[in-house]
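Asker: If it helps, the file is called entry.pdb and holds PDB, C-alpha atoms:
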```pdb
ATOM      1  CA  MET A   1      87.440 147.554  80.745
ATOM      2  CA  GLU A   2      85.582 146.508  77.583
ATOM      3  CA  ASP A   3      88.796 146.003  75.628
ATOM      4  CA  SER A   4      89.903 143.327  78.068
ATOM      5  CA  TYR A   5      86.762 141.274  77.301
ATOM      6  CA  VAL A   6      87.319 141.569  73.578
ATOM      7  CA  ASP A   7      91.045 140.850  73.902
ATOM      8  CA  ALA A   8      90.348 137.802  76.063
ATOM      9  CA  VAL A   9      87.873 136.380  73.535
ATOM     10  CA  ILE A  10      90.235 136.997  70.598
ATOM     11  CA  GLU A  11      93.269 135.621  72.467
ATOM     12  CA  ASP A  12      91.345 132.498  73.468
ATOM     13  CA  CYS A  13      90.246 132.052  69.866
ATOM     14  CA  ARG A  14      93.818 132.549  68.613
ATOM     15  CA  GLU A  15      95.089 129.812  70.976
ATOM     16  CA  LYS A  16      92.407 127.380  69.808
ATOM     17  CA  MET A  17      93.220 128.147  66.162
ATOM     18  CA  GLU A  18      96.922 127.553  66.792
ATOM     19  CA  LYS A  19      96.071 124.171  68.316
ATOM     20  CA  ALA A  20      93.984 123.350  65.231
ATOM     21  CA  VAL A  21      96.930 124.280  62.973
ATOM     22  CA  GLU A  22      99.320 122.159  65.084
ATOM     23  CA  HIS A  23      96.918 119.236  64.912
ATOM     24  CA  THR A  24      96.723 119.599  61.129
ATOM     25  CA  ARG A  25     100.527 119.725  60.952
ATOM     26  CA  SER A  26     100.839 116.500  62.975
ATOM     27  CA  GLU A  27      98.140 114.827  60.858
ATOM     28  CA  MET A  28     100.053 115.795  57.704
ATOM     29  CA  SER A  29     103.261 114.309  59.089
ATOM     30  CA  SER A  30     101.540 110.933  59.327
ATOM     31  CA  ILE A  31     100.866 110.863  55.566
ATOM     32  CA  ARG A  32     103.356 108.616  53.814
ATOM     33  CA  THR A  33     105.616 110.269  51.223
ATOM     34  CA  GLY A  34     107.722 107.307  50.108
ATOM     35  CA  ARG A  35     110.358 107.877  52.765
ATOM     36  CA  ALA A  36     110.396 106.105  56.100
ATOM     37  CA  ALA A  37     109.634 108.444  59.009
ATOM     38  CA  PRO A  38     108.804 107.553  62.624
ATOM     39  CA  ALA A  39     105.766 109.885  62.493
ATOM     40  CA  LEU A  40     104.104 107.386  60.135
ATOM     41  CA  VAL A  41     103.726 104.753  62.874
ATOM     42  CA  GLU A  42     104.160 106.569  66.227
ATOM     43  CA  LYS A  43     100.444 107.123  66.776
ATOM     44  CA  LEU A  44      99.404 103.705  65.438
ATOM     45  CA  ARG A  45      97.075 102.106  68.008
ATOM     46  CA  VAL A  46      98.198  98.637  69.139
ATOM     47  CA  ASP A  47      95.969  96.245  71.081
ATOM     48  CA  TYR A  48      98.316  95.549  73.999
ATOM     49  CA  TYR A  49      96.833  93.177  76.581
ATOM     50  CA  GLY A  50      93.317  94.446  75.956
ATOM     51  CA  SER A  51      93.978  98.197  75.775
ATOM     52  CA  GLU A  52      94.732 100.452  72.821
ATOM     53  CA  VAL A  53      98.238 101.904  73.195
ATOM     54  CA  PRO A  54     100.199 104.164  70.793
ATOM     55  CA  LEU A  55     103.112 102.286  69.203
ATOM     56  CA  GLN A  56     105.639 104.867  70.449
ATOM     57  CA  GLN A  57     104.939 103.703  74.022
ATOM     58  CA  LEU A  58     105.599 100.042  73.166
ATOM     59  CA  ALA A  59     108.677 100.180  70.959
ATOM     60  CA  GLY A  60     111.719 102.080  69.800
ATOM     61  CA  ILE A  61     111.499 103.287  66.203
ATOM     62  CA  GLN A  62     114.605 103.851  64.065
ATOM     63  CA  VAL A  63     115.126 104.764  60.416
ATOM     64  CA  PRO A  64     118.542 103.357  59.391
ATOM     65  CA  GLU A  65     117.941 104.040  55.665
ATOM     66  CA  ALA A  66     115.610 106.290  53.670
ATOM     67  CA  ARG A  67     113.155 103.491  52.859
ATOM     68  CA  VAL A  68     113.644 101.201  55.873
ATOM     69  CA  MET A  69     112.171 101.481  59.363
ATOM     70  CA  VAL A  70     113.048  99.223  62.299
ATOM     71  CA  ILE A  71     110.650  98.807  65.220
ATOM     72  CA  SER A  72     112.143  97.236  68.364
ATOM     73  CA  PRO A  73     109.486  96.391  70.983
ATOM     74  CA  TYR A  74     110.430  96.913  74.627
ATOM     75  CA  ASP A  75     108.408  93.771  75.431
ATOM     76  CA  LYS A  76     108.922  90.903  72.954
ATOM     77  CA  GLY A  77     105.405  89.678  73.794
ATOM     78  CA  SER A  78     103.944  92.672  71.983
ATOM     79  CA  LEU A  79     105.642  91.774  68.675
ATOM     80  CA  ARG A  80     102.585  89.986  67.185
ATOM     81  CA  ALA A  81     100.213  92.773  68.273
ATOM     82  CA  ILE A  82     102.456  95.439  66.696
ATOM     83  CA  GLU A  83     102.730  93.405  63.490
ATOM     84  CA  LYS A  84      98.938  93.016  63.350
ATOM     85  CA  ALA A  85      98.385  96.765  63.911
ATOM     86  CA  ILE A  86     100.755  97.600  61.035
ATOM     87  CA  GLN A  87      99.014  95.123  58.722
ATOM     88  CA  ASN A  88      95.596  96.607  59.578
ATOM     89  CA  SER A  89      96.789 100.204  59.041
ATOM     90  CA  ASP A  90      96.585 102.068  55.731
ATOM     91  CA  LEU A  91     100.390 102.276  55.367
ATOM     92  CA  GLY A  92     100.475  99.806  52.505
ATOM     93  CA  VAL A  93     103.611  97.989  53.736
ATOM     94  CA  ASN A  94     104.132  94.433  54.951
ATOM     95  CA  PRO A  95     105.998  94.042  58.233
ATOM     96  CA  ASN A  96     108.925  91.578  58.339
ATOM     97  CA  ASN A  97     109.068  89.986  61.791
ATOM     98  CA  ASP A  98     112.363  88.280  62.691
ATOM     99  CA  GLY A  99     111.306  87.337  66.228
ATOM    100  CA  ALA A 100     113.105  90.241  67.898
ATOM    101  CA  MET A 101     112.126  93.274  65.812
ATOM    102  CA  ILE A 102     109.948  94.333  62.919
ATOM    103  CA  ARG A 103     111.450  95.713  59.733
ATOM    104  CA  LEU A 104     109.343  97.797  57.343
ATOM    105  CA  ASN A 105     110.521  98.295  53.762
ATOM    106  CA  PHE A 106     108.819 101.243  52.069
ATOM    107  CA  PRO A 107     108.596 100.807  48.298
ATOM    108  CA  PRO A 108     108.591 103.943  46.155
ATOM    109  CA  LEU A 109     105.060 105.322  45.807
ATOM    110  CA  THR A 110     103.307 104.763  42.484
ATOM    111  CA  GLU A 111     101.792 107.732  40.642
ATOM    112  CA  GLU A 112      98.308 106.539  41.569
ATOM    113  CA  ARG A 113      99.183 106.149  45.275
ATOM    114  CA  ARG A 114     100.759 109.632  45.308
ATOM    115  CA  LYS A 115      97.530 111.126  43.974
ATOM    116  CA  GLU A 116      95.525 109.242  46.627
ATOM    117  CA  MET A 117      97.837 110.644  49.311
ATOM    118  CA  VAL A 118      97.361 114.177  47.945
ATOM    119  CA  LYS A 119      93.596 113.682  48.294
ATOM    120  CA  VAL A 120      94.092 112.523  51.892
ATOM    121  CA  ALA A 121      96.247 115.616  52.546
ATOM    122  CA  HIS A 122      93.543 117.883  51.072
ATOM    123  CA  HIS A 123      90.948 116.222  53.308
ATOM    124  CA  LYS A 124      93.075 116.718  56.446
ATOM    125  CA  ALA A 125      93.722 120.357  55.489
ATOM    126  CA  GLU A 126      90.000 120.934  55.039
ATOM    127  CA  GLU A 127      89.356 119.441  58.484
ATOM    128  CA  GLY A 128      91.898 121.930  59.870
ATOM    129  CA  ARG A 129      90.222 124.853  58.105
ATOM    130  CA  VAL A 130      86.817 123.753  59.436
ATOM    131  CA  ALA A 131      88.245 123.623  62.966
ATOM    132  CA  VAL A 132      89.668 127.153  62.594
ATOM    133  CA  ARG A 133      86.347 128.462  61.286
ATOM    134  CA  GLY A 134      84.578 126.734  64.175
ATOM    135  CA  CYS A 135      86.802 128.675  66.587
ATOM    136  CA  ARG A 136      85.885 131.902  64.786
ATOM    137  CA  ARG A 137      82.166 131.068  64.964
ATOM    138  CA  SER A 138      82.411 130.359  68.686
ATOM    139  CA  ALA A 139      84.318 133.609  69.347
ATOM    140  CA  ARG A 140      81.759 135.576  67.298
ATOM    141  CA  LYS A 141      78.955 134.198  69.463
ATOM    142  CA  ASP A 142      80.882 135.238  72.587
ATOM    143  CA  LEU A 143      81.396 138.756  71.184
ATOM    144  CA  GLU A 144      77.732 139.089  70.213
ATOM    145  CA  THR A 145      76.755 137.978  73.727
ATOM    146  CA  LEU A 146      79.046 140.664  75.177
ATOM    147  CA  GLU A 147      77.337 143.262  72.986
ATOM    148  CA  LYS A 148      73.854 142.024  73.981
ATOM    149  CA  ASP A 149      74.800 142.215  77.647
ATOM    150  CA  GLY A 150      75.984 145.789  77.119
ATOM    151  CA  GLU A 151      79.638 144.981  77.871
ATOM    152  CA  ILE A 152      80.821 146.326  74.476
ATOM    153  CA  SER A 153      79.368 148.716  71.895
ATOM    154  CA  SER A 154      78.420 147.770  68.339
ATOM    155  CA  ASP A 155      81.471 149.680  67.027
ATOM    156  CA  GLU A 156      83.721 147.615  69.267
ATOM    157  CA  LEU A 157      81.942 144.484  68.042
ATOM    158  CA  ASP A 158      82.675 145.488  64.417
ATOM    159  CA  ARG A 159      86.346 146.140  65.217
ATOM    160  CA  ALA A 160      86.604 142.833  67.092
ATOM    161  CA  GLU A 161      85.011 140.918  64.216
ATOM    162  CA  LYS A 162      87.491 142.461  61.768
ATOM    163  CA  GLU A 163      90.349 141.410  64.059
ATOM    164  CA  LEU A 164      88.812 137.938  64.310
ATOM    165  CA  ASP A 165      88.599 137.658  60.513
ATOM    166  CA  LYS A 166      92.249 138.716  60.238
ATOM    167  CA  VAL A 167      93.343 136.072  62.766
ATOM    168  CA  THR A 168      91.212 133.432  60.997
ATOM    169  CA  HIS A 169      92.721 134.312  57.625
ATOM    170  CA  GLU A 170      96.268 134.034  59.040
ATOM    171  CA  HIS A 171      95.616 130.545  60.411
ATOM    172  CA  VAL A 172      93.801 129.307  57.295
ATOM    173  CA  SER A 173      96.695 130.514  55.118
ATOM    174  CA  GLU A 174      99.128 128.717  57.446
ATOM    175  CA  ILE A 175      97.163 125.482  56.876
ATOM    176  CA  ASP A 176      97.262 126.161  53.128
ATOM    177  CA  GLN A 177     101.066 126.503  53.315
ATOM    178  CA  ILE A 178     101.337 123.199  55.207
ATOM    179  CA  LEU A 179      99.173 121.571  52.519
ATOM    180  CA  ALA A 180     101.226 123.051  49.679
ATOM    181  CA  HIS A 181     104.449 121.805  51.287
ATOM    182  CA  LYS A 182     103.007 118.305  51.770
ATOM    183  CA  GLN A 183     101.671 118.249  48.217
ATOM    184  CA  ASP A 184     105.103 119.183  46.822
ATOM    185  CA  GLU A 185     106.664 116.487  49.010
ATOM    186  CA  LEU A 186     104.192 113.874  47.747
ATOM    187  CA  LEU A 187     104.403 114.735  44.065
ATOM    188  CA  SER A 188     108.197 115.075  43.812
ATOM    189  CA  VAL A 189     109.701 111.771  42.696
TER     190      VAL A 189
END
```
What would you get if you wrote out this structure as structure tokens?

Answerer:
Amino acid sequence: MEDSYVDAVIEDCREKMEKAVEHTRSEMSSIRTGRAAPALVEKLRVDYYGSEVPLQQLAGIQVPEARVMVISPYDKGSLRAIEKAIQNSDLGVNPNNDGAMIRLNFPPLTEERRKEMVKVAHHKAEEGRVAVRGCRRSARKDLETLEKDGEISSDELDRAEKELDKVTHEHVSEIDQILAHKQDELLSV
């Protein structure tokens, strides 16, 4: 009976950690590497008739060439709002509006900009690690509560904490791998 409590706490923690890793992965995909990628602008918030809407809901996004992105709004009335959102973002590109679509030309990243992007990637990875550790802390509290309530013994608590540390280490190392991959991507010319 006791094992099911421990397993439930650890499984719940594992799921939350996996969500934190996935979130970190999606955050990393939004960091510009010098190549055009739809992930750079998909989540960009556009003020569309008074409400904030992700760009992917307002327009089709294509990448015809490595350094060119074309954004075709479904509603031509949203063209100015999309253009304004891109200008206010930290992408560092100027949108070219031809009245029907927006074209983004991505210049090659300078050495200095690459290093800034690596710092941003490190910051996002650290946020991911903090989220994973927060999950571990929360699960530890749940386990300690189970022990206090007499649901599990102190030996079971020790075993569960070791399992929790193992799961935490796996997820933190996964975030480190994502960071290393992104760093290589950013620094390769």

Asker: I'd like a table as JSON lines: residues in range 98-163 of chain A with an atom no more than 8 Å from range 63-77 of chain A, each row giving the shortest atom pair and its distance in Å to one decimal, only C-alpha atoms counted, sorted by chain and rising residue number.

Answerer:
```
{"residue": "A:Gly99", "atom": "CA", "partner": "A:Lys76", "partner_atom": "CA", "distance": 8.0}
{"residue": "A:Ala100", "atom": "CA", "partner": "A:Lys76", "partner_atom": "CA", "distance": 6.6}
{"residue": "A:Met101", "atom": "CA", "partner": "A:Ser72", "partner_atom": "CA", "distance": 4.7}
{"residue": "A:Ile102", "atom": "CA", "partner": "A:Ile71", "partner_atom": "CA", "distance": 5.1}
{"residue": "A:Arg103", "atom": "CA", "partner": "A:Val70", "partner_atom": "CA", "distance": 4.6}
{"residue": "A:Leu104", "atom": "CA", "partner": "A:Met69", "partner_atom": "CA", "distance": 5.1}
{"residue": "A:Asn105", "atom": "CA", "partner": "A:Val68", "partner_atom": "CA", "distance": 4.8}
{"residue": "A:Phe106", "atom": "CA", "partner": "A:Arg67", "partner_atom": "CA", "distance": 4.9}
{"residue": "A:Pro107", "atom": "CA", "partner": "A:Arg67", "partner_atom": "CA", "distance": 7.0}
```

Asker: Looking at all atoms listed in the file, which of A:Arg140, A:Gln183, A:Thr110, A:Arg80 is the one that sits closest to Glu163 in chain A?

Answerer: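 Of A:Arg140, A:Gln183, A:Thr110, A:Arg80, the one nearest Glu163 in chain A, counting all atoms listed in the file, is A:Arg140.
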
Asker: I'd like the interatomic distance between CA of Val167 in chain A and CA of Met17 in chain A, to a tenth of an Å.

Answerer: 8.6 Å

Asker: Could you jot down the CA of Ile61 in chain A to CA of Leu186 in chain A separation for me, Å, one decimal place?

Answerer: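 So the two atoms, CA of Ile61 in chain A and CA of Leu186 in chain A, lie 22.5 Å apart.
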
Asker: Hey, what's within 12 Å of Glu116 in chain A if we count all atoms listed in the file and toss same-chain stuff fewer than 6 positions away? As a list in words, please?

Answerer: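 Surrounding residues, per the criterion: Ile31, Arg32, Thr33, Asp90, Leu109, Thr110, His122, His123, Gln183, Leu186 and Leu187 of chain A.
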
Asker: Those residues you just picked out, can you put them in a file as a CSV table (one decimal), keeping the file's coordinate frame with C-alpha atoms?

Answerer:
```csv
chain,number,residue,atom,x,y,z
A,31,ILE,CA,100.9,110.9,55.6
A,32,ARG,CA,103.4,108.6,53.8
A,33,THR,CA,105.6,110.3,51.2
A,90,ASP,CA,96.6,102.1,55.7
A,109,LEU,CA,105.1,105.3,45.8
A,110,THR,CA,103.3,104.8,42.5
A,122,HIS,CA,93.5,117.9,51.1
A,123,HIS,CA,90.9,116.2,53.3
A,183,GLN,CA,101.7,118.2,48.2
A,186,LEU,CA,104.2,113.9,47.7
A,187,LEU,CA,104.4,114.7,44.1
```

Asker: Would you work out the distance separating CA of Ser153 in chain A from CA of Thr168 in chain A, expressed in Å to one decimal?

Answerer: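 A separation of 22.2 Å between them.
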